[in-house]
Structures are given as C-alpha cells and as structure tokens.
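Shown next: final.tsv, containing TSV, N, CA and C atoms.
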```
chain	number	residue	atom	x	y	z
A	1	MET	N	-83.53	191.76	37.34
A	1	MET	CA	-84.40	190.61	37.36
A	1	MET	C	-85.45	190.75	36.27
A	2	THR	N	-85.61	189.76	35.46
A	2	THR	CA	-86.59	189.79	34.38
A	2	THR	C	-87.69	188.79	34.68
A	3	VAL	N	-88.88	189.13	34.22
A	3	VAL	CA	-90.03	188.26	34.42
A	3	VAL	C	-90.48	187.75	33.07
A	4	ASP	N	-90.67	186.46	32.98
A	4	ASP	CA	-91.14	185.85	31.75
A	4	ASP	C	-92.64	186.14	31.61
A	5	PRO	N	-93.11	186.85	30.55
A	5	PRO	CA	-94.52	187.21	30.44
A	5	PRO	C	-95.43	186.01	30.18
A	6	VAL	N	-94.90	184.94	29.64
A	6	VAL	CA	-95.72	183.77	29.35
A	6	VAL	C	-95.34	182.66	30.33
A	7	PRO	N	-96.27	182.27	31.20
A	7	PRO	CA	-95.93	181.21	32.15
A	7	PRO	C	-95.78	179.87	31.44
A	8	HIS	N	-95.06	179.01	32.06
A	8	HIS	CA	-94.93	177.67	31.52
A	8	HIS	C	-96.27	176.96	31.60
A	9	PRO	N	-96.54	176.03	30.69
A	9	PRO	CA	-97.86	175.38	30.68
A	9	PRO	C	-98.22	174.69	31.98
A	10	ASP	N	-97.24	174.21	32.73
A	10	ASP	CA	-97.57	173.50	33.96
A	10	ASP	C	-97.54	174.40	35.20
A	11	GLU	N	-97.40	175.71	35.05
A	11	GLU	CA	-97.36	176.63	36.18
A	11	GLU	C	-98.53	177.60	36.14
A	12	GLY	N	-99.09	177.88	37.30
A	12	GLY	CA	-100.09	178.95	37.44
A	12	GLY	C	-101.36	178.70	36.65
A	13	ARG	N	-102.14	179.76	36.57
A	13	ARG	CA	-103.41	179.69	35.84
A	13	ARG	C	-103.17	179.80	34.35
A	14	PRO	N	-103.89	179.02	33.58
A	14	PRO	CA	-103.74	179.13	32.13
A	14	PRO	C	-104.44	180.38	31.62
A	15	TYR	N	-103.92	180.92	30.55
A	15	TYR	CA	-104.56	182.06	29.91
A	15	TYR	C	-105.80	181.60	29.16
A	16	PRO	N	-106.81	182.47	29.02
A	16	PRO	CA	-107.99	182.06	28.26
A	16	PRO	C	-107.64	181.85	26.79
A	17	ASP	N	-108.42	181.03	26.18
A	17	ASP	CA	-108.24	180.76	24.76
A	17	ASP	C	-108.49	182.04	23.97
A	18	PRO	N	-107.55	182.49	23.11
A	18	PRO	CA	-107.77	183.72	22.36
A	18	PRO	C	-108.94	183.64	21.39
A	19	GLU	N	-109.36	182.43	21.07
A	19	GLU	CA	-110.50	182.26	20.17
A	19	GLU	C	-111.84	182.38	20.90
A	20	HIS	N	-111.79	182.45	22.22
A	20	HIS	CA	-113.00	182.50	23.03
A	20	HIS	C	-113.69	183.86	22.86
A	21	SER	N	-114.98	183.83	22.67
A	21	SER	CA	-115.75	185.05	22.50
A	21	SER	C	-116.07	185.67	23.86
A	22	LEU	N	-115.99	186.98	23.94
A	22	LEU	CA	-116.36	187.69	25.17
A	22	LEU	C	-117.79	188.20	25.12
A	23	ALA	N	-118.54	187.77	24.12
A	23	ALA	CA	-119.93	188.19	23.99
A	23	ALA	C	-120.75	187.60	25.14
A	24	PRO	N	-121.80	188.31	25.58
A	24	PRO	CA	-122.64	187.79	26.66
A	24	PRO	C	-123.23	186.44	26.27
A	25	ARG	N	-123.36	185.58	27.27
A	25	ARG	CA	-123.89	184.24	27.02
A	25	ARG	C	-125.24	184.08	27.67
A	26	ARG	N	-126.00	183.14	27.15
A	26	ARG	CA	-127.29	182.79	27.74
A	26	ARG	C	-127.06	181.72	28.81
A	27	PRO	N	-128.00	181.62	29.76
A	27	PRO	CA	-127.88	180.54	30.75
A	27	PRO	C	-127.94	179.18	30.05
A	28	ARG	N	-127.18	178.23	30.56
A	28	ARG	CA	-127.11	176.91	29.93
A	28	ARG	C	-128.12	175.93	30.51
A	29	THR	N	-128.72	176.27	31.65
A	29	THR	CA	-129.68	175.37	32.28
A	29	THR	C	-130.95	176.13	32.62
A	30	ILE	N	-132.01	175.39	32.85
A	30	ILE	CA	-133.27	176.02	33.26
A	30	ILE	C	-133.12	176.61	34.66
A	31	GLY	N	-132.25	176.02	35.47
A	31	GLY	CA	-131.98	176.59	36.79
A	31	GLY	C	-131.30	177.94	36.69
A	32	GLY	N	-130.47	178.12	35.66
A	32	GLY	CA	-129.84	179.42	35.45
A	32	GLY	C	-130.87	180.48	35.09
A	33	VAL	N	-131.86	180.10	34.31
A	33	VAL	CA	-132.95	181.03	33.97
A	33	VAL	C	-133.74	181.38	35.22
A	34	ALA	N	-134.03	180.36	36.05
A	34	ALA	CA	-134.77	180.61	37.29
A	34	ALA	C	-133.96	181.50	38.23
A	35	PHE	N	-132.65	181.26	38.30
A	35	PHE	CA	-131.79	182.10	39.15
A	35	PHE	C	-131.83	183.55	38.68
A	36	LEU	N	-131.75	183.77	37.38
A	36	LEU	CA	-131.82	185.14	36.86
A	36	LEU	C	-133.18	185.78	37.13
A	37	ALA	N	-134.24	184.98	37.10
A	37	ALA	CA	-135.57	185.51	37.42
A	37	ALA	C	-135.65	185.92	38.88
A	38	VAL	N	-135.10	185.11	39.78
A	38	VAL	CA	-135.08	185.46	41.21
A	38	VAL	C	-134.24	186.71	41.42
A	39	LEU	N	-133.10	186.77	40.76
A	39	LEU	CA	-132.23	187.94	40.89
A	39	LEU	C	-132.91	189.20	40.36
A	40	GLY	N	-133.58	189.10	39.23
A	40	GLY	CA	-134.30	190.24	38.68
A	40	GLY	C	-135.45	190.68	39.57
A	41	THR	N	-136.15	189.71	40.15
A	41	THR	CA	-137.25	190.03	41.06
A	41	THR	C	-136.72	190.74	42.30
A	42	ALA	N	-135.60	190.26	42.82
A	42	ALA	CA	-135.00	190.92	43.99
A	42	ALA	C	-134.56	192.34	43.64
A	43	GLY	N	-134.01	192.53	42.45
A	43	GLY	CA	-133.63	193.88	42.03
A	43	GLY	C	-134.83	194.80	41.90
A	44	LEU	N	-135.92	194.27	41.35
A	44	LEU	CA	-137.15	195.06	41.24
A	44	LEU	C	-137.67	195.43	42.62
A	45	GLY	N	-137.66	194.47	43.54
A	45	GLY	CA	-138.11	194.74	44.91
A	45	GLY	C	-137.25	195.78	45.60
A	46	LEU	N	-135.93	195.69	45.41
A	46	LEU	CA	-135.04	196.70	46.00
A	46	LEU	C	-135.29	198.08	45.41
A	47	GLY	N	-135.60	198.11	44.13
A	47	GLY	CA	-135.94	199.39	43.50
A	47	GLY	C	-137.21	199.98	44.10
A	48	LEU	N	-138.19	199.13	44.36
A	48	LEU	CA	-139.43	199.61	44.98
A	48	LEU	C	-139.17	200.11	46.40
A	49	VAL	N	-138.33	199.39	47.13
A	49	VAL	CA	-137.98	199.84	48.49
A	49	VAL	C	-137.28	201.19	48.43
A	50	ALA	N	-136.35	201.34	47.50
A	50	ALA	CA	-135.63	202.61	47.37
A	50	ALA	C	-136.55	203.74	46.95
A	51	ALA	N	-137.60	203.42	46.20
A	51	ALA	CA	-138.54	204.44	45.75
A	51	ALA	C	-139.53	204.84	46.84
A	52	GLY	N	-139.52	204.11	47.96
A	52	GLY	CA	-140.38	204.50	49.07
A	52	GLY	C	-141.52	203.54	49.35
A	53	SER	N	-141.75	202.57	48.48
A	53	SER	CA	-142.83	201.61	48.69
A	53	SER	C	-142.23	200.34	49.30
A	54	TRP	N	-141.81	200.44	50.56
A	54	TRP	CA	-141.05	199.35	51.18
A	54	TRP	C	-141.86	198.09	51.37
A	55	ARG	N	-143.14	198.24	51.70
A	55	ARG	CA	-143.98	197.06	51.93
A	55	ARG	C	-144.18	196.26	50.64
A	56	THR	N	-144.43	196.95	49.56
A	56	THR	CA	-144.57	196.28	48.26
A	56	THR	C	-143.24	195.69	47.82
A	57	GLY	N	-142.16	196.40	48.03
A	57	GLY	CA	-140.84	195.91	47.65
A	57	GLY	C	-140.45	194.65	48.40
A	58	LEU	N	-140.69	194.63	49.72
A	58	LEU	CA	-140.39	193.43	50.49
A	58	LEU	C	-141.26	192.26	50.06
A	59	SER	N	-142.50	192.53	49.73
A	59	SER	CA	-143.38	191.47	49.26
A	59	SER	C	-142.91	190.90	47.92
A	60	VAL	N	-142.47	191.76	47.03
A	60	VAL	CA	-141.96	191.30	45.73
A	60	VAL	C	-140.73	190.43	45.94
A	61	ILE	N	-139.82	190.85	46.79
A	61	ILE	CA	-138.62	190.05	47.06
A	61	ILE	C	-139.01	188.72	47.69
A	62	GLY	N	-139.93	188.75	48.65
A	62	GLY	CA	-140.38	187.51	49.30
A	62	GLY	C	-141.00	186.53	48.33
A	63	PHE	N	-141.89	187.02	47.46
A	63	PHE	CA	-142.51	186.13	46.47
A	63	PHE	C	-141.47	185.61	45.48
A	64	GLY	N	-140.48	186.43	45.14
A	64	GLY	CA	-139.41	185.97	44.26
A	64	GLY	C	-138.60	184.84	44.88
A	65	LEU	N	-138.29	184.97	46.18
A	65	LEU	CA	-137.56	183.91	46.87
A	65	LEU	C	-138.38	182.64	46.99
A	66	ILE	N	-139.67	182.77	47.24
A	66	ILE	CA	-140.53	181.60	47.30
A	66	ILE	C	-140.63	180.94	45.93
A	67	GLY	N	-140.70	181.74	44.88
A	67	GLY	CA	-140.68	181.19	43.52
A	67	GLY	C	-139.38	180.46	43.23
A	68	GLY	N	-138.27	181.00	43.72
A	68	GLY	CA	-136.99	180.32	43.56
A	68	GLY	C	-136.95	179.01	44.31
A	69	ALA	N	-137.56	178.97	45.49
A	69	ALA	CA	-137.62	177.72	46.26
A	69	ALA	C	-138.45	176.67	45.52
A	70	LEU	N	-139.56	177.10	44.95
A	70	LEU	CA	-140.38	176.15	44.19
A	70	LEU	C	-139.65	175.65	42.95
A	71	ALA	N	-138.94	176.55	42.29
A	71	ALA	CA	-138.17	176.14	41.12
A	71	ALA	C	-137.07	175.17	41.51
A	72	ARG	N	-136.39	175.43	42.61
A	72	ARG	CA	-135.31	174.54	43.07
A	72	ARG	C	-135.87	173.18	43.46
A	73	PHE	N	-137.08	173.16	44.01
A	73	PHE	CA	-137.71	171.91	44.41
A	73	PHE	C	-138.06	171.05	43.20
A	74	VAL	N	-138.50	171.69	42.12
A	74	VAL	CA	-138.98	170.97	40.94
A	74	VAL	C	-137.84	170.59	39.99
A	75	ILE	N	-136.86	171.46	39.84
A	75	ILE	CA	-135.80	171.24	38.85
A	75	ILE	C	-134.80	170.19	39.37
A	76	PRO	N	-134.46	169.20	38.54
A	76	PRO	CA	-133.47	168.20	38.97
A	76	PRO	C	-132.09	168.81	39.20
A	77	ARG	N	-131.28	168.12	39.99
A	77	ARG	CA	-129.96	168.62	40.39
A	77	ARG	C	-129.09	168.94	39.18
A	78	GLU	N	-129.09	168.09	38.17
A	78	GLU	CA	-128.21	168.32	37.02
A	78	GLU	C	-128.62	169.51	36.16
A	79	HIS	N	-129.84	170.01	36.35
A	79	HIS	CA	-130.31	171.17	35.59
A	79	HIS	C	-130.49	172.41	36.48
A	80	ALA	N	-130.06	172.33	37.74
A	80	ALA	CA	-130.30	173.43	38.68
A	80	ALA	C	-129.41	174.64	38.42
A	81	GLY	N	-128.25	174.46	37.85
A	81	GLY	CA	-127.36	175.59	37.56
A	81	GLY	C	-127.03	176.37	38.82
A	82	MET	N	-127.05	177.70	38.72
A	82	MET	CA	-126.71	178.57	39.85
A	82	MET	C	-127.77	178.52	40.96
A	83	LEU	N	-128.93	178.00	40.66
A	83	LEU	CA	-129.97	177.91	41.68
A	83	LEU	C	-129.65	176.82	42.70
A	84	GLY	N	-128.87	175.83	42.31
A	84	GLY	CA	-128.52	174.73	43.21
A	84	GLY	C	-127.10	174.88	43.72
A	85	ILE	N	-126.95	175.43	44.90
A	85	ILE	CA	-125.63	175.63	45.47
A	85	ILE	C	-125.31	174.51	46.46
A	86	ARG	N	-126.26	174.16	47.29
A	86	ARG	CA	-126.07	173.14	48.30
A	86	ARG	C	-127.00	171.97	47.98
A	87	ARG	N	-127.23	171.13	48.98
A	87	ARG	CA	-128.21	170.07	48.78
A	87	ARG	C	-129.59	170.69	48.58
A	88	LYS	N	-130.46	169.97	47.89
A	88	LYS	CA	-131.78	170.50	47.55
A	88	LYS	C	-132.55	170.91	48.81
A	89	PHE	N	-132.51	170.08	49.85
A	89	PHE	CA	-133.24	170.39	51.08
A	89	PHE	C	-132.78	171.72	51.67
A	90	VAL	N	-131.49	171.93	51.72
A	90	VAL	CA	-130.95	173.17	52.30
A	90	VAL	C	-131.33	174.37	51.45
A	91	ASP	N	-131.21	174.24	50.13
A	91	ASP	CA	-131.56	175.36	49.24
A	91	ASP	C	-133.03	175.73	49.37
A	92	VAL	N	-133.90	174.75	49.29
A	92	VAL	CA	-135.35	175.01	49.35
A	92	VAL	C	-135.73	175.59	50.71
A	93	THR	N	-135.20	175.01	51.79
A	93	THR	CA	-135.53	175.50	53.12
A	93	THR	C	-135.05	176.94	53.32
A	94	THR	N	-133.84	177.23	52.88
A	94	THR	CA	-133.30	178.59	53.05
A	94	THR	C	-134.14	179.61	52.28
A	95	LEU	N	-134.45	179.30	51.03
A	95	LEU	CA	-135.23	180.24	50.23
A	95	LEU	C	-136.64	180.42	50.79
A	96	LEU	N	-137.26	179.32	51.25
A	96	LEU	CA	-138.60	179.44	51.83
A	96	LEU	C	-138.61	180.25	53.12
A	97	VAL	N	-137.64	180.00	53.99
A	97	VAL	CA	-137.59	180.73	55.26
A	97	VAL	C	-137.38	182.22	55.01
A	98	LEU	N	-136.44	182.55	54.11
A	98	LEU	CA	-136.19	183.97	53.83
A	98	LEU	C	-137.40	184.63	53.15
A	99	GLY	N	-137.99	183.94	52.17
A	99	GLY	CA	-139.15	184.51	51.48
A	99	GLY	C	-140.34	184.70	52.39
A	100	CYS	N	-140.67	183.68	53.17
A	100	CYS	CA	-141.79	183.80	54.11
A	100	CYS	C	-141.50	184.82	55.19
A	101	GLY	N	-140.25	184.89	55.62
A	101	GLY	CA	-139.88	185.89	56.63
A	101	GLY	C	-140.09	187.31	56.13
A	102	LEU	N	-139.73	187.55	54.89
A	102	LEU	CA	-139.95	188.90	54.33
A	102	LEU	C	-141.44	189.20	54.17
A	103	LEU	N	-142.22	188.21	53.78
A	103	LEU	CA	-143.67	188.44	53.65
A	103	LEU	C	-144.30	188.71	55.01
A	104	VAL	N	-143.89	187.97	56.03
A	104	VAL	CA	-144.41	188.21	57.38
A	104	VAL	C	-143.98	189.58	57.88
A	105	LEU	N	-142.74	189.92	57.62
A	105	LEU	CA	-142.23	191.23	58.04
A	105	LEU	C	-143.02	192.37	57.39
A	106	ALA	N	-143.30	192.22	56.08
A	106	ALA	CA	-144.07	193.26	55.39
A	106	ALA	C	-145.49	193.35	55.91
A	107	ALA	N	-146.05	192.23	56.36
A	107	ALA	CA	-147.44	192.25	56.84
A	107	ALA	C	-147.56	192.70	58.29
A	108	VAL	N	-146.54	192.45	59.10
A	108	VAL	CA	-146.65	192.68	60.54
A	108	VAL	C	-146.30	194.12	60.94
A	109	ILE	N	-145.34	194.71	60.28
A	109	ILE	CA	-144.91	196.06	60.68
A	109	ILE	C	-146.05	197.05	60.38
A	110	PRO	N	-146.49	197.77	61.39
A	110	PRO	CA	-147.60	198.70	61.17
A	110	PRO	C	-147.15	199.95	60.43
A	111	ASP	N	-148.10	200.57	59.74
A	111	ASP	CA	-147.81	201.85	59.09
A	111	ASP	C	-147.65	202.93	60.14
A	112	ARG	N	-146.80	203.89	59.85
A	112	ARG	CA	-146.66	205.03	60.76
A	112	ARG	C	-147.82	205.98	60.50
A	113	THR	N	-148.44	206.41	61.57
A	113	THR	CA	-149.50	207.38	61.43
A	113	THR	C	-148.91	208.76	61.72
A	114	PRO	N	-149.20	209.75	60.89
A	114	PRO	CA	-148.68	211.08	61.14
A	114	PRO	C	-149.20	211.65	62.44
A	115	VAL	N	-148.32	212.31	63.16
A	115	VAL	CA	-148.70	212.87	64.45
A	115	VAL	C	-149.26	214.25	64.28
```

Rewrite the structure from the file as structure tokens, please.
Amino acid sequence: MTVDPVPHPDEGRPYPDPEHSLAPRRPRTIGGVAFLAVLGTAGLGLGLVAAGSWRTGLSVIGFGLIGGALARFVIPREHAGMLGIRRKFVDVTTLLVLGCGLLVLAAVIPDRTPV
C-alpha cells in the first residue's frame, strides 16, 4: 500500500504557503496588545507567587485581570483580538469577578504567625 505524500487540493487540510514567513509576528489589534499585557502581568504574578511573595503575586494577577476587563470594556469588538472571546458583557464580567476575587483573597487571608 502506498500513500500519496501530497493530498489532493479538495481533501484534508491545505499545506501552508511555502512563501509564508515563520518569523514572529506582532499583534494585529490593540486587543491583542492588551491580551499580551494581561498575559505578561499574570506571568509576573505567578513568578512572584513562586518566589514566595504570594500576596503581592495574587494582587498583581488581580490588577492585571481588572486591567484586561477595562480594556475589553473600552475596545470595540472588531479591535478586541484575543481579548474578546465571548460577548463583551461575559468577558468583562468574568475578568472583573476573577480579578476582584484574587484581590479579596489576597487581602482576607491572614499571615501565619510563627509559633
């Protein structure tokens, strides 16, 4: 049994254009830039948590999510990019609830006192 290495044009997934560059690309929308900022802020917060400063790390992540919610609220749908996954109301509400929840969690949990 032999397999044809090149699929017919009307079958399966097309191969990428050989002229296409594999170089890293910039975000095409302002929402993509905001998404990368939220992602970078979350990464920074996780790094702080891993380094032992969990309260500061959770606060950084929370403020990043709230910033993402504000960006999603302001940016129109056609420019939202990766920041706009669902309807605007759902996106903003989800980001606000998660961000505020992390801020409340960081503020409410008491410090451990050494025994």

So that each row is one residue of range 28-59 of chain A with an atom at most 8 Å from range 64-86 of chain A, can you give its shortest atom pair and the distance in Å to one decimal, using only C-alpha atoms, rows by chain and rising number, as CSV?
```
residue,atom,partner,partner_atom,distance
A:Arg28,CA,A:Gly81,CA,7.7
A:Thr29,CA,A:His79,CA,5.4
A:Ile30,CA,A:His79,CA,6.1
A:Gly31,CA,A:Ala80,CA,4.0
A:Gly32,CA,A:Gly81,CA,5.0
A:Ala34,CA,A:Gly68,CA,6.7
A:Phe35,CA,A:Leu83,CA,5.2
A:Ala37,CA,A:Gly64,CA,7.9
A:Val38,CA,A:Gly64,CA,5.3
A:Thr41,CA,A:Gly64,CA,5.6
A:Ala42,CA,A:Gly64,CA,6.6
```

Next item on the list: Report the residues of range 17-101 of chain A whose backbone DSSP state falls under alpha helix (DSSP H), written as a PyMOL selection string.
Entry: chain A and resi 30-51+54-74+88-101

Note to self: Just the number, please: distance in Å from CA of Pro27 in chain A to atom C of Gly43 in chain A, one decimal.
What the structure shows: 19.4 Å

Next item on the list: May I ask for the distance between atom N of Leu103 in chain A and CA of Phe63 in chain A, given in Å to one decimal place?
Entry: 7.6 Å

Margin query: Please report the interatomic distance between atom N of Arg87 in chain A and atom C of Leu105 in chain A in Å with one decimal.
Written below: 27.8 Å

Margin query: Could you list, as number ranges by chain, every residue within 7 Å of Gly45 in chain A, counting all atoms listed in the file and ignoring same-chain residues fewer than 5 positions away?
Written below: A: 40, 50, 56-61

Next item on the list: List the neighbours of Val104 in chain A out to 12 Å using only C-alpha atoms; skip same-chain residues closer than 4 positions along the sequence, and give me the result as a list in words.
Entry: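 Answer for this query is Arg55, Leu58, Ser59, Ile61, Gly62, Phe63, Leu96, Val97, Leu98, Gly99, Cys100, Val108, Ile109 and Pro110 of chain A.
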